[in-house]
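Visitor: Contents are mmCIF, C-alpha atoms and all ligand atoms; file name final-v2.cif:
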data_query
#
loop_
_atom_site.label_atom_id
_atom_site.label_comp_id
_atom_site.auth_asym_id
_atom_site.auth_seq_id
_atom_site.Cartn_x
_atom_site.Cartn_y
_atom_site.Cartn_z
CA ARG A 1 -8.28 -4.27 -12.05
CA SER A 2 -7.14 -6.47 -9.20
CA MET A 3 -3.90 -8.44 -9.40
CA ALA A 4 -5.67 -11.68 -8.54
CA THR A 5 -7.78 -11.43 -11.69
CA VAL A 6 -4.78 -10.87 -13.95
CA ALA A 7 -3.47 -14.41 -13.43
CA GLY A 8 -4.71 -16.72 -16.18
CA LYS A 9 -5.25 -14.03 -18.84
CA SER A 10 -2.84 -12.72 -21.45
CA LEU A 11 -0.25 -10.46 -19.96
CA LYS A 12 0.64 -6.99 -21.22
CA ILE A 13 3.95 -5.81 -19.86
CA GLY A 14 5.07 -2.18 -20.17
CA MET A 15 8.82 -2.06 -20.82
CA ILE A 16 10.59 1.12 -19.65
CA PRO A 17 14.36 0.68 -20.01
CA ALA A 18 15.00 4.42 -19.33
CA ASP A 19 18.74 5.24 -19.14
CA GLY A 20 22.25 3.73 -19.25
CA ILE A 21 22.47 0.03 -18.44
CA GLY A 22 18.69 -0.06 -17.99
CA ARG A 23 18.63 -0.45 -21.79
CA GLU A 24 21.06 -3.36 -21.65
CA VAL A 25 19.53 -5.38 -18.81
CA LEU A 26 15.84 -5.12 -19.64
CA PRO A 27 16.12 -7.27 -22.81
CA GLY A 28 17.46 -10.04 -20.54
CA ALA A 29 14.34 -9.81 -18.38
CA LYS A 30 12.20 -10.01 -21.51
CA ALA A 31 14.13 -13.04 -22.80
CA ALA A 32 13.66 -14.84 -19.46
CA ILE A 33 9.89 -14.27 -19.53
CA GLN A 34 9.71 -15.40 -23.15
CA ALA A 35 11.66 -18.56 -22.26
CA LEU A 36 8.76 -19.61 -20.03
CA GLY A 37 6.78 -20.29 -23.20
CA SER A 38 3.26 -21.52 -22.70
CA SER A 39 3.62 -22.01 -18.94
CA ILE A 40 2.39 -18.44 -18.52
CA PRO A 41 -0.26 -16.70 -20.64
CA THR A 42 0.73 -15.09 -23.94
CA THR A 43 2.79 -12.03 -23.17
CA GLU A 44 2.81 -8.78 -25.07
CA PHE A 45 5.63 -6.31 -24.42
CA ILE A 46 4.87 -2.62 -24.92
CA ASP A 47 7.93 -0.33 -25.22
CA LEU A 48 7.55 2.91 -23.29
CA GLN A 49 9.66 6.03 -22.84
CA ALA A 50 10.97 7.69 -19.67
CA GLY A 51 14.28 8.86 -18.25
CA PHE A 52 16.84 11.63 -18.40
CA GLU A 53 17.69 10.89 -22.04
CA CYS A 54 13.98 11.10 -22.82
CA PHE A 55 13.94 14.50 -21.04
CA GLN A 56 16.90 15.71 -23.11
CA LYS A 57 15.19 14.63 -26.34
CA THR A 58 11.60 15.58 -25.63
CA GLY A 59 11.62 18.01 -22.70
CA THR A 60 9.82 15.56 -20.42
CA ALA A 61 11.25 12.72 -18.33
CA LEU A 62 7.91 10.94 -18.05
CA PRO A 63 5.64 11.44 -21.08
CA ASP A 64 1.91 11.42 -20.31
CA GLU A 65 1.57 8.65 -22.89
CA THR A 66 3.76 6.32 -20.80
CA VAL A 67 1.53 6.77 -17.76
CA GLU A 68 -1.68 6.47 -19.85
CA VAL A 69 -0.54 3.22 -21.50
CA LEU A 70 0.55 1.77 -18.15
CA LYS A 71 -2.78 2.67 -16.56
CA ASN A 72 -5.06 1.67 -19.41
CA GLU A 73 -3.31 -1.11 -21.30
CA CYS A 74 -0.74 -2.85 -19.13
CA ASP A 75 -1.09 -5.45 -16.39
CA CYS A 76 2.38 -4.79 -15.04
CA ALA A 77 5.69 -3.21 -16.04
CA LEU A 78 9.44 -3.54 -15.94
CA PHE A 79 11.65 -0.49 -15.36
CA GLY A 80 15.41 -0.41 -16.04
CA ALA A 81 17.31 2.44 -14.41
CA VAL A 82 17.35 6.20 -14.41
CA SER A 83 20.21 8.71 -14.56
CA SER A 84 18.87 11.65 -12.59
CA PRO A 85 21.65 14.26 -12.47
CA SER A 86 23.10 15.21 -9.07
CA ARG A 87 22.72 18.92 -9.82
CA LYS A 88 19.40 20.71 -10.29
CA VAL A 89 18.37 20.71 -13.96
CA PHE A 90 15.62 23.19 -14.68
CA GLY A 91 12.37 21.44 -15.65
CA TYR A 92 13.61 17.95 -14.77
CA SER A 93 12.35 15.75 -11.98
CA SER A 94 12.90 12.04 -11.44
CA PRO A 95 10.58 9.89 -13.58
CA ILE A 96 10.82 6.86 -11.30
CA VAL A 97 9.72 8.91 -8.29
CA ALA A 98 6.82 10.31 -10.35
CA LEU A 99 5.89 6.88 -11.73
CA ARG A 100 5.70 5.30 -8.29
CA LYS A 101 3.48 8.15 -7.18
CA LYS A 102 1.21 8.25 -10.26
CA MET A 103 0.70 4.47 -10.24
CA ASP A 104 0.39 4.44 -6.42
CA LEU A 105 3.17 1.87 -6.12
CA TYR A 106 3.58 2.50 -2.42
CA ALA A 107 5.89 -0.37 -1.54
CA ASN A 108 9.33 -1.10 -2.90
CA ILE A 109 10.01 -4.72 -2.00
CA ARG A 110 13.69 -5.61 -2.19
CA PRO A 111 14.68 -9.18 -1.30
CA VAL A 112 18.38 -9.70 -0.64
CA SER A 113 19.59 -13.26 -0.33
CA SER A 114 22.86 -15.05 -0.79
CA VAL A 115 23.17 -17.97 -3.15
CA ALA A 116 25.55 -20.48 -1.65
CA PRO A 117 28.25 -21.71 -4.04
CA ILE A 118 27.63 -25.30 -2.91
CA PRO A 119 24.30 -26.82 -4.00
CA ASN A 120 21.79 -27.43 -1.17
CA GLU A 121 23.66 -25.26 1.29
CA GLN A 122 21.28 -22.87 3.01
CA PRO A 123 21.69 -19.20 2.18
CA THR A 124 23.16 -17.28 5.09
CA ILE A 125 21.46 -14.01 4.21
CA ASP A 126 17.78 -14.03 3.44
CA LEU A 127 16.12 -10.72 4.14
CA VAL A 128 13.69 -8.41 2.45
CA VAL A 129 13.72 -4.63 2.70
CA VAL A 130 10.21 -3.17 2.49
CA ARG A 131 10.77 0.45 1.57
CA GLU A 132 8.02 3.07 1.73
CA ASN A 133 7.84 4.53 -1.76
CA THR A 134 5.61 7.60 -1.76
CA GLU A 135 6.90 10.08 0.81
CA CYS A 136 9.88 11.02 3.06
CA LEU A 137 12.58 13.43 1.89
CA GLY A 138 12.49 12.92 -1.87
CA PHE A 139 8.91 14.20 -2.08
CA SER A 140 9.20 17.33 -0.06
CA ILE A 141 9.84 20.88 -1.03
CA SER A 142 13.55 21.60 -1.15
CA LYS A 143 14.60 25.23 -1.23
CA LYS A 144 17.93 26.93 -1.65
CA LYS A 145 18.03 30.61 -0.79
CA HIS A 146 20.46 32.74 -2.70
CA ARG A 147 19.75 36.02 -0.97
CA LEU A 148 22.40 37.07 1.48
CA LEU A 149 22.07 35.36 4.84
CA GLY A 150 24.76 35.66 7.45
CA LYS A 151 28.00 35.98 5.56
CA GLY A 152 26.34 35.45 2.19
CA ALA A 153 26.48 31.66 2.09
CA PRO A 154 23.44 30.05 0.45
CA LYS A 155 21.14 27.98 2.67
CA ALA A 156 19.26 24.89 1.59
CA ARG A 157 16.33 23.26 3.31
CA ALA A 158 14.30 20.10 2.71
CA THR A 159 11.13 19.13 4.52
CA ARG A 160 10.31 15.54 5.29
CA LEU A 161 6.82 14.13 5.14
CA ILE A 162 5.73 11.03 7.04
CA THR A 163 2.01 10.26 7.29
CA GLU A 164 0.07 7.77 9.34
CA TYR A 165 -1.71 6.65 6.15
CA ALA A 166 1.47 5.74 4.26
CA SER A 167 3.15 4.26 7.35
CA ARG A 168 0.14 2.07 8.03
CA ARG A 169 -0.07 0.63 4.55
CA ILE A 170 3.66 -0.03 4.27
CA GLY A 171 3.50 -1.57 7.75
CA GLU A 172 0.70 -3.84 6.67
CA MET A 173 2.62 -4.83 3.55
CA ALA A 174 5.62 -5.75 5.75
CA PHE A 175 3.47 -7.87 8.07
CA LYS A 176 1.82 -9.60 5.09
CA ILE A 177 5.23 -10.43 3.62
CA ALA A 178 6.47 -11.66 7.02
CA LEU A 179 3.54 -14.10 7.19
CA THR A 180 4.74 -15.77 3.99
CA ARG A 181 8.28 -16.29 5.29
CA PRO A 182 9.62 -19.02 7.59
CA ARG A 183 10.93 -16.73 10.34
CA LYS A 184 7.97 -14.30 10.36
CA HIS A 185 9.97 -11.48 11.88
CA VAL A 186 9.66 -7.74 11.21
CA THR A 187 12.26 -5.13 12.18
CA ILE A 188 11.08 -1.51 12.05
CA ILE A 189 13.91 0.80 11.02
CA HIS A 190 13.77 4.41 12.23
CA LYS A 191 15.74 7.21 13.84
CA SER A 192 13.17 8.42 16.33
CA ASN A 193 15.72 9.33 18.97
CA VAL A 194 16.53 12.33 16.74
CA LEU A 195 13.54 12.60 14.38
CA SER A 196 11.02 11.92 17.11
CA VAL A 197 8.05 13.47 15.33
CA THR A 198 8.38 11.97 11.84
CA ASP A 199 10.15 8.69 12.58
CA GLY A 200 8.22 8.44 15.84
CA LEU A 201 5.00 8.45 13.81
CA PHE A 202 6.39 5.84 11.42
CA ARG A 203 7.57 3.56 14.23
CA GLU A 204 4.38 3.76 16.29
CA THR A 205 2.09 3.36 13.29
CA VAL A 206 3.90 0.29 11.94
CA ARG A 207 4.05 -1.23 15.42
CA GLY A 208 0.31 -0.72 15.79
CA VAL A 209 -0.66 -2.54 12.58
CA PRO A 210 -1.36 -5.95 14.19
CA THR A 211 -3.80 -4.41 16.67
CA LEU A 212 -5.75 -2.29 14.19
CA PRO A 213 -9.51 -2.93 14.07
CA GLY A 214 -10.29 -5.80 11.73
CA MET A 215 -6.94 -7.55 11.99
CA ASN A 216 -8.44 -10.25 14.21
CA GLY A 217 -5.12 -11.70 15.30
CA LYS A 218 -3.96 -12.17 11.69
CA TYR A 219 -0.40 -11.21 12.57
CA ASP A 220 -0.19 -12.91 15.99
CA GLY A 221 2.52 -15.24 14.67
CA VAL A 222 4.75 -12.35 13.55
CA THR A 223 7.42 -11.13 15.96
CA VAL A 224 8.41 -7.45 15.89
CA ALA A 225 11.62 -5.66 16.74
CA GLU A 226 12.74 -2.13 16.09
CA GLN A 227 16.11 -0.58 15.51
CA LEU A 228 17.75 2.78 14.91
CA VAL A 229 18.89 2.99 11.30
CA ASP A 230 22.56 3.57 12.16
CA SER A 231 22.66 0.60 14.48
CA ALA A 232 20.78 -1.47 11.87
CA VAL A 233 23.48 -0.75 9.27
CA TYR A 234 26.16 -1.78 11.78
CA ARG A 235 24.38 -5.04 12.62
CA LEU A 236 23.59 -5.65 8.95
CA PHE A 237 27.33 -5.78 8.27
CA ARG A 238 28.17 -7.79 11.41
CA GLU A 239 25.29 -10.30 11.56
CA PRO A 240 23.10 -9.97 8.45
CA HIS A 241 21.47 -13.35 9.12
CA ILE A 242 19.47 -11.88 12.04
CA TYR A 243 17.23 -9.93 9.68
CA ASP A 244 14.09 -11.19 8.02
CA VAL A 245 11.72 -8.35 6.99
CA MET A 246 13.09 -4.82 7.44
CA VAL A 247 10.47 -2.11 7.02
CA ALA A 248 11.73 1.43 6.58
CA PRO A 249 10.82 4.93 5.45
CA ASN A 250 11.84 5.70 1.88
CA LEU A 251 15.37 7.07 2.31
CA TYR A 252 16.58 4.55 4.91
CA GLY A 253 15.08 1.71 2.86
CA ASP A 254 17.03 2.84 -0.20
CA ILE A 255 20.32 3.03 1.68
CA ILE A 256 19.89 -0.21 3.64
CA SER A 257 19.07 -2.26 0.55
CA ASP A 258 22.15 -1.01 -1.33
CA ALA A 259 24.25 -1.81 1.75
CA ALA A 260 22.72 -5.29 1.99
CA ALA A 261 23.47 -5.84 -1.70
CA ALA A 262 27.18 -5.53 -0.93
CA LEU A 263 26.87 -8.55 1.36
CA VAL A 264 25.56 -10.87 -1.34
CA GLY A 265 28.19 -10.14 -3.95
CA SER A 266 26.89 -7.31 -6.10
CA LEU A 267 24.21 -4.71 -6.53
CA GLY A 268 23.79 -6.34 -9.92
CA LEU A 269 22.05 -9.27 -8.23
CA VAL A 270 19.37 -7.49 -6.24
CA PRO A 271 15.86 -7.21 -7.68
CA SER A 272 12.82 -5.29 -6.54
CA VAL A 273 9.18 -4.75 -7.27
CA ASN A 274 7.28 -1.54 -6.82
CA ALA A 275 3.91 -2.75 -5.66
CA GLY A 276 0.54 -1.14 -5.17
CA ASP A 277 -2.83 -2.72 -4.63
CA SER A 278 -3.53 -3.10 -8.34
CA PHE A 279 -0.28 -2.74 -10.27
CA VAL A 280 3.26 -4.04 -10.00
CA MET A 281 6.47 -2.85 -11.61
CA GLY A 282 9.70 -4.85 -11.44
CA GLU A 283 12.92 -2.83 -11.22
CA PRO A 284 16.52 -3.83 -10.49
CA VAL A 285 17.82 -2.01 -7.42
CA HIS A 286 20.92 -0.78 -9.28
CA GLY A 287 21.06 2.52 -11.12
CA SER A 288 21.99 3.40 -14.70
CA ALA A 289 25.77 2.96 -14.14
CA PRO A 290 26.99 5.39 -16.83
CA ASP A 291 30.59 4.23 -16.27
CA ILE A 292 29.87 0.80 -17.74
CA ALA A 293 26.94 1.62 -20.04
CA GLY A 294 27.31 0.54 -23.66
CA LYS A 295 29.99 -2.08 -22.92
CA ASP A 296 27.77 -5.19 -22.68
CA ILE A 297 29.18 -6.00 -19.23
CA ALA A 298 26.29 -4.96 -16.97
CA ASN A 299 24.94 -7.74 -14.78
CA PRO A 300 21.47 -8.67 -16.10
CA LEU A 301 20.58 -10.91 -13.14
CA ALA A 302 18.91 -8.23 -11.00
CA ALA A 303 16.64 -7.31 -13.91
CA ILE A 304 15.87 -10.97 -14.63
CA ARG A 305 15.09 -11.60 -10.95
CA SER A 306 12.89 -8.48 -10.97
CA ALA A 307 10.87 -10.04 -13.79
CA ALA A 308 10.47 -13.17 -11.67
CA LEU A 309 9.39 -11.16 -8.65
CA MET A 310 6.85 -9.32 -10.78
CA LEU A 311 5.43 -12.63 -12.03
CA ARG A 312 5.31 -13.99 -8.47
CA GLN A 313 3.42 -10.91 -7.31
CA LEU A 314 0.90 -11.49 -10.11
CA GLY A 315 0.37 -15.09 -9.03
CA TYR A 316 2.59 -16.90 -11.57
CA ARG A 317 4.58 -18.76 -8.92
CA ASN A 318 5.83 -21.60 -11.11
CA GLY A 319 7.09 -19.27 -13.82
CA ALA A 320 8.79 -17.10 -11.21
CA ALA A 321 10.40 -20.13 -9.56
CA ARG A 322 11.77 -21.40 -12.90
CA ILE A 323 13.45 -18.08 -13.62
CA GLU A 324 14.78 -17.77 -10.05
CA SER A 325 16.26 -21.25 -9.99
CA ALA A 326 17.90 -20.73 -13.42
CA VAL A 327 19.52 -17.55 -12.08
CA ASP A 328 20.63 -19.30 -8.88
CA ASP A 329 22.16 -22.13 -10.93
CA VAL A 330 24.15 -19.71 -13.07
CA ILE A 331 25.47 -17.99 -9.93
CA ARG A 332 26.32 -21.26 -8.19
CA GLU A 333 28.07 -22.71 -11.23
CA GLY A 334 30.22 -19.57 -11.38
CA ARG A 335 31.28 -20.07 -15.02
CA TYR A 336 29.23 -17.31 -16.60
CA LEU A 337 29.47 -14.20 -14.48
CA THR A 338 29.83 -10.52 -15.36
CA PRO A 339 32.86 -8.54 -14.07
CA ASP A 340 31.03 -7.19 -10.98
CA LEU A 341 31.09 -10.80 -9.72
CA GLY A 342 34.66 -11.40 -10.78
CA GLY A 343 33.76 -13.04 -14.09
CA LYS A 344 34.53 -12.26 -17.73
CA SER A 345 31.15 -12.89 -19.33
CA SER A 346 29.15 -10.32 -21.24
CA THR A 347 25.59 -9.30 -20.42
CA SER A 348 24.25 -11.19 -23.42
CA GLU A 349 26.22 -14.34 -22.57
CA VAL A 350 24.80 -14.43 -19.04
CA VAL A 351 21.29 -13.90 -20.41
CA SER A 352 21.64 -16.81 -22.83
CA GLN A 353 22.93 -19.08 -20.04
CA VAL A 354 19.92 -18.20 -17.86
CA VAL A 355 17.53 -18.72 -20.77
CA LYS A 356 19.10 -22.12 -21.49
CA ARG A 357 18.42 -23.21 -17.88
CA ILE A 358 14.81 -22.01 -17.89
N1 LIG B 401 16.64 1.03 -10.89
C1 LIG B 401 16.93 1.89 -9.82
C2 LIG B 401 17.44 3.22 -10.28
O1 LIG B 401 17.30 3.59 -11.43
N2 LIG B 401 18.08 3.91 -9.37
C3 LIG B 401 18.56 5.21 -9.65
C4 LIG B 401 17.66 6.20 -9.01
O2 LIG B 401 16.65 5.89 -8.44
N3 LIG B 401 18.04 7.44 -9.09
C5 LIG B 401 17.33 8.48 -8.45
C6 LIG B 401 16.26 9.04 -9.30
O3 LIG B 401 16.41 9.22 -10.49
O4 LIG B 401 15.21 9.33 -8.76
#
Show how you would write the structure in this file as structure tokens.

Guide:
Amino acid sequence: RSMATVAGKSLKIGMIPADGIGREVLPGAKAAIQALGSSIPTTEFIDLQAGFECFQKTGTALPDETVEVLKNECDCALFGAVSSPSRKVFGYSSPIVALRKKMDLYANIRPVSSVAPIPNEQPTIDLVVVRENTECLGFSISKKKHRLLGKGAPKARATRLITEYASRRIGEMAFKIALTRPRKHVTIIHKSNVLSVTDGLFRETVRGVPTLPGMNGKYDGVTVAEQLVDSAVYRLFREPHIYDVMVAPNLYGDIISDAAAALVGSLGLVPSVNAGDSFVMGEPVHGSAPDIAGKDIANPLAAIRSAALMLRQLGYRNGAARIESAVDDVIREGRYLTPDLGGKSSTSEVVSQVVKRI
């Protein structure tokens, strides 16, 4: 099923709140989509299980049924957040990592932009992190040896995988996205002065995308720069406005987008979509935030914006724009904000204010 053919038909959306505040923010995304009424096709929401709590209850973090329903019944999905523990838990592995892999959602597209408090003022930060989603460190074999080595201290090792195949398709995604943006500029993020083999392959492959056979000058209007990840973080904090599209291997992309989120007010504002060639899954960049879970104070705006991004990716541009401008209005007005943005509003209050403006 291609994404282009989904537009115009009824829309089945898999809803996977997963853990912690994921459960509190996903209803806001649903309410925003429902508020669009008949301007998008009839939507059907299908509740699906995944997450650490699901693992604790059922012994699996990603039930086969969830993947089957996504593959066979859904046009797209929304994911909340996952609470993968920081220590090794026997039998557990991250469901979001597995989902991205099983659904071949190879790109995590994370736009980060500031909403100016004064109407009509141009945003000063408007960048998008295009994060490779299927390989790098999180997908490699990590081993900890307990047998005595040296003075008996355990040793741990992780292997990192970077392939030409994955680098090429994430590179192409970054160039495609750049073409749709005013500045049409791609910065390749790497660390190939140290990781010359893996990051060297990533850097060279992405750089070579415009000259691949069949491109026929498609990306001639896109300018390309490259930067070491450490220097990119430094410049991101000093002069964030210089960035347009930042394309990065998985781990750097994750770190850079969280860092960029700090510059626009809160991680609770930054949306993403996990995109493949035939499926898209919206997902706020933030995690499950166990410290604030259950208090009705989580910021629902990243989840709501993720729903808009998902709709945009599917071709529902007007619906997406209505949700995005309602969110921007709420932020600009500054009256209904959750505590992460210095406000006193609850999650549900912010959702109802967004819905009112849609
Ligand atoms: N919505 C993003 C999210 O849930 N982030 C937390 C996360 O990805 N944790 C690592 C993992 O479970 O794999």

Visitor: Each residue of stretch 207-283 of chain A with at least one atom at most 12 Å from stretch 29-34 of chain A should appear once, together with its nearest atom pair and the corresponding distance in Å (one decimal); atoms considered: only C-alpha atoms; ordering: chain, then increasing residue number; output as a tab-separated table.

Guide:
residue	atom	partner	partner_atom	distance
A:Pro271	CA	A:Ala29	CA	11.1
A:Gly282	CA	A:Ala29	CA	9.7
A:Glu283	CA	A:Ala29	CA	10.1

Visitor: Provide the atom CA of A:Arg110 to atom CA of A:Ile304 distance in Å, to one decimal place.

Guide: 13.7 Å

Visitor: How would you report the residues lying within 7 Å of ligand LIG 401 (chain B), as a VMD selection string, if you count only C-alpha atoms and all ligand atoms?

Guide: chain A and resid 79 to 84 94 to 97 283 to 288

Visitor: Which residue gives the smallest distance to A:Lys12 among A:Gly319, A:Gly28, A:Gly276, A:Pro41, with all atoms listed in the file counted?

Guide: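 Distance minimum relative to A:Lys12 lands on A:Pro41.
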
Visitor: Quick one: pull the distance between atom CA of A:Ala326 and atom CA of A:Arg357, Å, one decimal.

Guide: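 According to the coordinates, atom CA of A:Ala326 and atom CA of A:Arg357 are separated by 5.1 Å.
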
Visitor: State, in Å with one decimal place, the distance from atom CA of A:Asn72 to atom CA of A:Met281.

Guide: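 So the two atoms, atom CA of A:Asn72 and atom CA of A:Met281, lie 14.6 Å apart.
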
Visitor: Counting all atoms listed in the file, note down every residue that has an atom within 8 Å of the point (8.0, -8.7, 11.3) (file coordinates), as a list in words.

Guide: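 Checked against the point, the hits come out as Ala174, Phe175, Ala178, Lys184, His185, Val186, Thr187, Ile188, Val222, Thr223, Val224, Ala225, Asp244, Val245 and Met246 of chain A.
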
Visitor: Under the rule that all atoms listed in the file are counted, which of A:Leu161, A:Gly37, A:Tyr92, A:Asp220 is the nearest residue to A:Leu195?

Guide: A:Leu161

Visitor: So, with all atoms listed in the file as the atoms that count, which of A:Asp328, A:Glu239, A:Asp254, A:Asp104 lies closest to A:Val130?

Guide: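 Nearest candidate to A:Val130 out of A:Asp328, A:Glu239, A:Asp254, A:Asp104: A:Asp254.
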
Visitor: Which of these residues is nearest to A:Val112, using only C-alpha atoms: A:Ser266, A:Asn318, A:Ser167, A:Ser231?

Guide: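 Closest to A:Val112 of all the choices is A:Ser266.
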
Visitor: Please enclose the listed atoms of stretch 74-83 of chain A in an axis-aligned box, pad each side by 4 Å, and write out the centre and the three edge lengths in Å, rounded to one decimal, as JSON.

Guide:
{"center_x": 9.6, "center_y": 1.6, "center_z": -16.8, "size_x": 29.3, "size_y": 22.2, "size_z": 12.7}

Visitor: Any chance you could build stretch 292-317 of chain A out to N, CA and C atoms and write it as an mmCIF file, keeping the file's coordinate frame?

Guide:
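The result, stored in out.cif:
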data_model
loop_
_atom_site.group_PDB
_atom_site.id
_atom_site.type_symbol
_atom_site.label_atom_id
_atom_site.label_comp_id
_atom_site.auth_asym_id
_atom_site.auth_seq_id
_atom_site.Cartn_x
_atom_site.Cartn_y
_atom_site.Cartn_z
ATOM 1 N N ILE A 292 29.737 2.057 -16.989
ATOM 2 C CA ILE A 292 29.870 0.800 -17.740
ATOM 3 C C ILE A 292 28.821 0.674 -18.855
ATOM 4 N N ALA A 293 28.004 1.703 -19.017
ATOM 5 C CA ALA A 293 26.940 1.620 -20.040
ATOM 6 C C ALA A 293 27.527 1.499 -21.437
ATOM 7 N N GLY A 294 26.887 0.684 -22.263
ATOM 8 C CA GLY A 294 27.310 0.540 -23.660
ATOM 9 C C GLY A 294 28.410 -0.477 -23.861
ATOM 10 N N LYS A 295 28.853 -1.152 -22.796
ATOM 11 C CA LYS A 295 29.990 -2.080 -22.920
ATOM 12 C C LYS A 295 29.567 -3.548 -22.907
ATOM 13 N N ASP A 296 28.283 -3.824 -22.749
ATOM 14 C CA ASP A 296 27.770 -5.190 -22.680
ATOM 15 C C ASP A 296 28.407 -5.991 -21.531
ATOM 16 N N ILE A 297 28.624 -5.283 -20.397
ATOM 17 C CA ILE A 297 29.180 -6.000 -19.230
ATOM 18 C C ILE A 297 28.300 -5.838 -17.989
ATOM 19 N N ALA A 298 27.174 -5.146 -18.137
ATOM 20 C CA ALA A 298 26.290 -4.960 -16.970
ATOM 21 C C ALA A 298 25.692 -6.306 -16.575
ATOM 22 N N ASN A 299 25.521 -6.493 -15.281
ATOM 23 C CA ASN A 299 24.940 -7.740 -14.780
ATOM 24 C C ASN A 299 23.419 -7.735 -15.015
ATOM 25 N N PRO A 300 22.914 -8.683 -15.816
ATOM 26 C CA PRO A 300 21.470 -8.670 -16.100
ATOM 27 C C PRO A 300 20.640 -9.411 -15.052
ATOM 28 N N LEU A 301 21.306 -10.014 -14.040
ATOM 29 C CA LEU A 301 20.580 -10.910 -13.140
ATOM 30 C C LEU A 301 19.570 -10.191 -12.247
ATOM 31 N N ALA A 302 19.881 -8.969 -11.831
ATOM 32 C CA ALA A 302 18.910 -8.230 -11.000
ATOM 33 C C ALA A 302 17.642 -7.940 -11.794
ATOM 34 N N ALA A 303 17.816 -7.593 -13.060
ATOM 35 C CA ALA A 303 16.640 -7.310 -13.910
ATOM 36 C C ALA A 303 15.846 -8.589 -14.151
ATOM 37 N N ILE A 304 16.562 -9.687 -14.380
ATOM 38 C CA ILE A 304 15.870 -10.970 -14.630
ATOM 39 C C ILE A 304 15.122 -11.402 -13.369
ATOM 40 N N ARG A 305 15.776 -11.252 -12.214
ATOM 41 C CA ARG A 305 15.090 -11.600 -10.950
ATOM 42 C C ARG A 305 13.909 -10.654 -10.696
ATOM 43 N N SER A 306 14.013 -9.417 -11.153
ATOM 44 C CA SER A 306 12.890 -8.480 -10.970
ATOM 45 C C SER A 306 11.682 -8.937 -11.794
ATOM 46 N N ALA A 307 11.962 -9.495 -12.974
ATOM 47 C CA ALA A 307 10.870 -10.040 -13.790
ATOM 48 C C ALA A 307 10.202 -11.200 -13.062
ATOM 49 N N ALA A 308 11.024 -12.036 -12.420
ATOM 50 C CA ALA A 308 10.470 -13.170 -11.670
ATOM 51 C C ALA A 308 9.626 -12.690 -10.489
ATOM 52 N N LEU A 309 10.147 -11.698 -9.793
ATOM 53 C CA LEU A 309 9.390 -11.160 -8.650
ATOM 54 C C LEU A 309 8.051 -10.586 -9.089
ATOM 55 N N MET A 310 8.086 -9.899 -10.238
ATOM 56 C CA MET A 310 6.850 -9.320 -10.780
ATOM 57 C C MET A 310 5.842 -10.434 -11.074
ATOM 58 N N LEU A 311 6.326 -11.508 -11.710
ATOM 59 C CA LEU A 311 5.430 -12.630 -12.030
ATOM 60 C C LEU A 311 4.887 -13.265 -10.746
ATOM 61 N N ARG A 312 5.743 -13.398 -9.743
ATOM 62 C CA ARG A 312 5.310 -13.990 -8.470
ATOM 63 C C ARG A 312 4.202 -13.141 -7.840
ATOM 64 N N GLN A 313 4.403 -11.831 -7.893
ATOM 65 C CA GLN A 313 3.420 -10.910 -7.310
ATOM 66 C C GLN A 313 2.069 -11.020 -8.033
ATOM 67 N N LEU A 314 2.134 -11.357 -9.330
ATOM 68 C CA LEU A 314 0.900 -11.490 -10.110
ATOM 69 C C LEU A 314 0.254 -12.867 -9.954
ATOM 70 N N GLY A 315 0.944 -13.759 -9.272
ATOM 71 C CA GLY A 315 0.370 -15.090 -9.030
ATOM 72 C C GLY A 315 0.968 -16.195 -9.885
ATOM 73 N N TYR A 316 1.960 -15.866 -10.731
ATOM 74 C CA TYR A 316 2.590 -16.900 -11.570
ATOM 75 C C TYR A 316 3.799 -17.482 -10.831
ATOM 76 N N ARG A 317 3.506 -18.284 -9.817
ATOM 77 C CA ARG A 317 4.580 -18.760 -8.920
ATOM 78 C C ARG A 317 5.519 -19.727 -9.619
#
